Amino acid sequence: MEFVELLGHPEELYNLLWYKMGGARKVIPKLDQDTLSDGLKTCFKYLNQTSRSFAAVIQALDSGLRNAVCIFYLVLRALDTVEDDMTISMEKKVTMLKNFHSYLYQPDWSYMESNEKDRQVLEDFSTVSLEFRNLEESYQVVIHEICQKMGNGMAEFLEKNVNSIQEWDMYCHYVAGLVGIGLCRLFLASDLEDPIIGKDLELANSMGLFLQKTNIIRDYLEDTMEGREFWPQEVWSRYAKKLSDFTKPENIDLAVHCLNELITNALQHIPDILTFLSRLRNQSVFNFCAIPQVMAIATLAACYNNQQVFKGKVKIRKGQAVTLMMEATNMPAVKAIMYQYMEEIYQRIPNSDPSSSKTKQIISSVRKQNFPSCQLVSRNHYSPIYLSCAMLLVALSWQYLSTMSQATEDYVQSGEH
């Protein structure tokens with residue numbers, strides 16, 4: 001089935017082969033292990049174990065910033081692991097979340113009682129905290145402060161549900177918006193970016209909110225099956241008595257209406273995202289920021305008006321993911337990608353959908369910002385004969401292609417950006 005889908009997208013076939021044959025290194029260069037301390041080697045190992053997709057984009061950053069972002073991720077991954085661990089009592093968890101920032105300066109602190117899949121970052125937190133303390137002080141200040149704010153925010157939402165749209169935004173701010181703000185401040189501390197990107201941190205917050213809302217929307221079924229609820233009650237209560245009712249076949253039409261309303265809400269962040277990206281100057285930073293955003297808009301387009309969100313996993317194609325990684329390296333291309341997927345959504349807006357007018361209004365307002373009306377901007381243009389050869393090669397080598405890089409697989413399947 002996957003092969004049949006790829007046949008309908010010949011350029012994706014070509015890009016998959018190009019990526020597998022070494023093209024990936026032009027977008028995501030290989031990490032030079034010889035330049036790392038033993039502690040950093042361990043940290044990058046944990047990074048690959050907990051999120052190969054995020055590891056891939058981190059290693060494309062310039063070295064000083066790369067190490068800081070790696071440690072930033074692992075610290076927040078450890079914090080998130082505490083939040084997710086249902087074996088920790090509520091009282092103990094609240095205390096740990098609120099105090100987690102202080103563990104960064106406690107050389108021997110670790111937590112050995114977690115059953116979570118990413119528990120290694122807690123069990124060997126002493127290595128992570130050591131490398132944190134080895135960072136430049138300007139990086140330490142940012143990571144420590146964001147960790148403290150995020151821990152307090154997580155503790156706050158442990159004891160209450162996400163009811164209103166404002167609370168949804170606040171929850172997403174705590175778990176993702178703060179990440180965007182922290183990354184923005186790390187970019188500034190590295191001197192790789194101009195001070196202008198720090199003048200409006202709300203733009204960086206929107207970057208995080210867009211990614212987190214995309215994950216929450218896409219992961220409805222998985223979260224529901226595990227007893228987690230992140231969709232705001234203010235929205236879903238207009239369509240059902242319980243959020244879990246959307247899994248029932250008789251409620252599928254109302255479920256899709258609710259889905260479309262939440263996607264419409266997420267689309268409101270796109271102007272902020274484009275404004276933020278347009279201010280970046282360093283190529284590695286731009287790629288790092290842009291790739292997750294184009295993956296997110298492609299995911300939202302796949303989810304829009306799609307009943308499959310309530311029946312299984314919605315994901316974008318491998319070839320589609322690789323193509324987006326290759327293309328999202330400059331501002332005109334990113335604008336074109338955003339425009340393309342918003343157009344896909346616009347063309348599928350049902351007139352009967354309660355949010356249809358709002359969805360059309362948001363997309364139309366973004367159109368007025370001089371988006372290019374072209375297809376994906378490509379650094380290379382391939383003739384039909386080359387594309388046909390690529391298709392033939394894939395057909396003959398499908399078994400080989402199916403074992404392609406795990407990093408590519410994780411870019412599509414990961415719930416993290």
# chains A, B, ... in the order shown; residues from 1 in each chain; ligands from 1
$ residues_around --residues "stretch 118-127 of chain A" --least-positions-apart "3" --cutoff "12 Å" --atoms "only C-alpha atoms" --output "NGL selection string"
:A and (37-51 or 71 or 73-85 or 96 or 100 or 103-115 or 130-134)
$ residues_around --residues "A:Asn282" --least-positions-apart "3" --cutoff "7 Å" --atoms "only C-alpha atoms" --output "PyMOL selection string"
chain A and resi 192-193+285-286
$ residues_around --residues "stretch 350-356 of chain A" --least-positions-apart "3" --cutoff "8 Å" --atoms "only C-alpha atoms" --output "mmCIF file with N, CA and C atoms, in the first residue's frame"
data_model
loop_
_atom_site.group_PDB
_atom_site.id
_atom_site.type_symbol
_atom_site.label_atom_id
_atom_site.label_comp_id
_atom_site.auth_asym_id
_atom_site.auth_seq_id
_atom_site.Cartn_x
_atom_site.Cartn_y
_atom_site.Cartn_z
ATOM 1 N N HIS A 257 -16.569 17.641 13.403
ATOM 2 C CA HIS A 257 -16.836 19.077 13.588
ATOM 3 C C HIS A 257 -15.943 19.656 14.681
ATOM 4 N N ASN A 260 -12.323 19.865 13.399
ATOM 5 C CA ASN A 260 -12.105 20.993 12.493
ATOM 6 C C ASN A 260 -12.032 22.320 13.241
ATOM 7 N N GLU A 261 -12.799 22.446 14.315
ATOM 8 C CA GLU A 261 -12.750 23.685 15.097
ATOM 9 C C GLU A 261 -11.390 23.855 15.771
ATOM 10 N N THR A 264 -8.810 24.777 13.183
ATOM 11 C CA THR A 264 -8.992 26.191 12.856
ATOM 12 C C THR A 264 -8.312 27.070 13.898
ATOM 13 N N THR A 359 -12.779 29.148 9.498
ATOM 14 C CA THR A 359 -11.629 28.535 8.828
ATOM 15 C C THR A 359 -11.300 29.284 7.544
ATOM 16 N N LYS A 360 -12.325 29.578 6.745
ATOM 17 C CA LYS A 360 -12.114 30.323 5.502
ATOM 18 C C LYS A 360 -11.557 31.715 5.782
#
$ residues_around --residues "A:Val309" --least-positions-apart "6" --cutoff "10 Å" --atoms "only C-alpha atoms" --output "list in words"
Ile217, Arg218, Asp219, Tyr220, Leu221, Glu222, Phe246, Thr247, Ala255, Val256, Leu259, Ala302, Cys303 and Lys315 of chain A
$ write_last_selection --atoms "N, CA, C and O atoms" --output "short mmCIF file (atom, residue, chain, number, x, y, z; two decimals), in the first residue's frame"
data_model
loop_
_atom_site.label_atom_id
_atom_site.label_comp_id
_atom_site.auth_asym_id
_atom_site.auth_seq_id
_atom_site.Cartn_x
_atom_site.Cartn_y
_atom_site.Cartn_z
N ILE A 217 -4.05 17.40 18.79
CA ILE A 217 -5.15 17.10 17.85
C ILE A 217 -4.95 15.72 17.23
O ILE A 217 -5.85 14.89 17.21
N ARG A 218 -3.75 15.48 16.73
CA ARG A 218 -3.47 14.21 16.04
C ARG A 218 -3.55 13.01 16.98
O ARG A 218 -4.00 11.92 16.59
N ASP A 219 -3.14 13.19 18.23
CA ASP A 219 -3.02 12.07 19.17
C ASP A 219 -4.28 11.83 20.00
O ASP A 219 -4.22 11.21 21.06
N TYR A 220 -5.43 12.31 19.51
CA TYR A 220 -6.68 12.16 20.27
C TYR A 220 -6.90 10.71 20.71
O TYR A 220 -7.12 10.43 21.89
N LEU A 221 -6.85 9.77 19.77
CA LEU A 221 -7.20 8.39 20.08
C LEU A 221 -6.21 7.77 21.07
O LEU A 221 -6.61 7.11 22.04
N GLU A 222 -4.93 7.97 20.84
CA GLU A 222 -3.91 7.42 21.73
C GLU A 222 -4.08 7.96 23.15
O GLU A 222 -4.03 7.21 24.13
N PHE A 246 -16.37 10.50 21.23
CA PHE A 246 -16.00 10.65 19.82
C PHE A 246 -15.50 9.36 19.20
O PHE A 246 -15.42 9.25 17.97
N THR A 247 -15.17 8.37 20.01
CA THR A 247 -14.72 7.09 19.46
C THR A 247 -15.89 6.23 19.00
O THR A 247 -15.68 5.22 18.32
N ALA A 255 -17.79 14.47 16.00
CA ALA A 255 -16.36 14.41 16.32
C ALA A 255 -15.55 15.19 15.29
O ALA A 255 -14.63 15.94 15.65
N VAL A 256 -15.87 15.03 14.02
CA VAL A 256 -15.14 15.72 12.95
C VAL A 256 -15.37 17.23 13.05
O VAL A 256 -14.45 18.03 12.80
N LEU A 259 -13.07 18.39 15.70
CA LEU A 259 -11.71 18.33 15.16
C LEU A 259 -11.41 19.54 14.30
O LEU A 259 -10.37 20.21 14.45
N ALA A 302 -3.51 16.74 6.85
CA ALA A 302 -3.90 15.33 6.79
C ALA A 302 -5.03 15.02 7.76
O ALA A 302 -5.87 14.16 7.50
N CYS A 303 -5.06 15.73 8.88
CA CYS A 303 -6.08 15.48 9.90
C CYS A 303 -7.41 16.18 9.60
O CYS A 303 -8.47 15.70 10.03
N LYS A 315 -0.81 9.97 9.76
CA LYS A 315 0.58 10.37 9.59
C LYS A 315 0.85 10.71 8.14
O LYS A 315 0.15 10.26 7.23
#
$ residues_around --residues "stretch 145-153 of chain A" --least-positions-apart "4" --cutoff "10 Å" --atoms "only C-alpha atoms" --output "PyMOL selection string"
chain A and resi 72+75-76+79-80+82-83+94-102+104+140-141+157-158+170-179+181-183
$ select_by_dssp --residues "stretch 150-340 of chain A" --states "helix (DSSP H, G or I)" --output "JSON, numbers by chain"
{"A": [150, 151, 152, 153, 154, 155, 156, 157, 158, 165, 166, 167, 168, 169, 170, 171, 172, 173, 174, 175, 176, 177, 178, 179, 180, 181, 182, 183, 184, 185, 186, 187, 188, 189, 195, 196, 197, 198, 201, 202, 203, 204, 205, 206, 207, 208, 209, 210, 211, 212, 213, 214, 215, 216, 217, 218, 220, 221, 222, 223, 224, 225, 233, 234, 235, 236, 243, 244, 245, 246, 247, 249, 250, 251, 252, 253, 254, 255, 256, 257, 258, 259, 260, 261, 262, 263, 264, 265, 266, 267, 270, 271, 272, 273, 274, 275, 276, 277, 278, 283, 284, 285, 286, 287, 288, 289, 290, 291, 292, 293, 294, 295, 296, 297, 298, 299, 300, 301, 302, 303, 307, 308, 309, 310, 318, 319, 320, 321, 322, 323, 324, 325, 326, 327, 331, 332, 333, 334, 335, 336, 337, 338, 339, 340]}
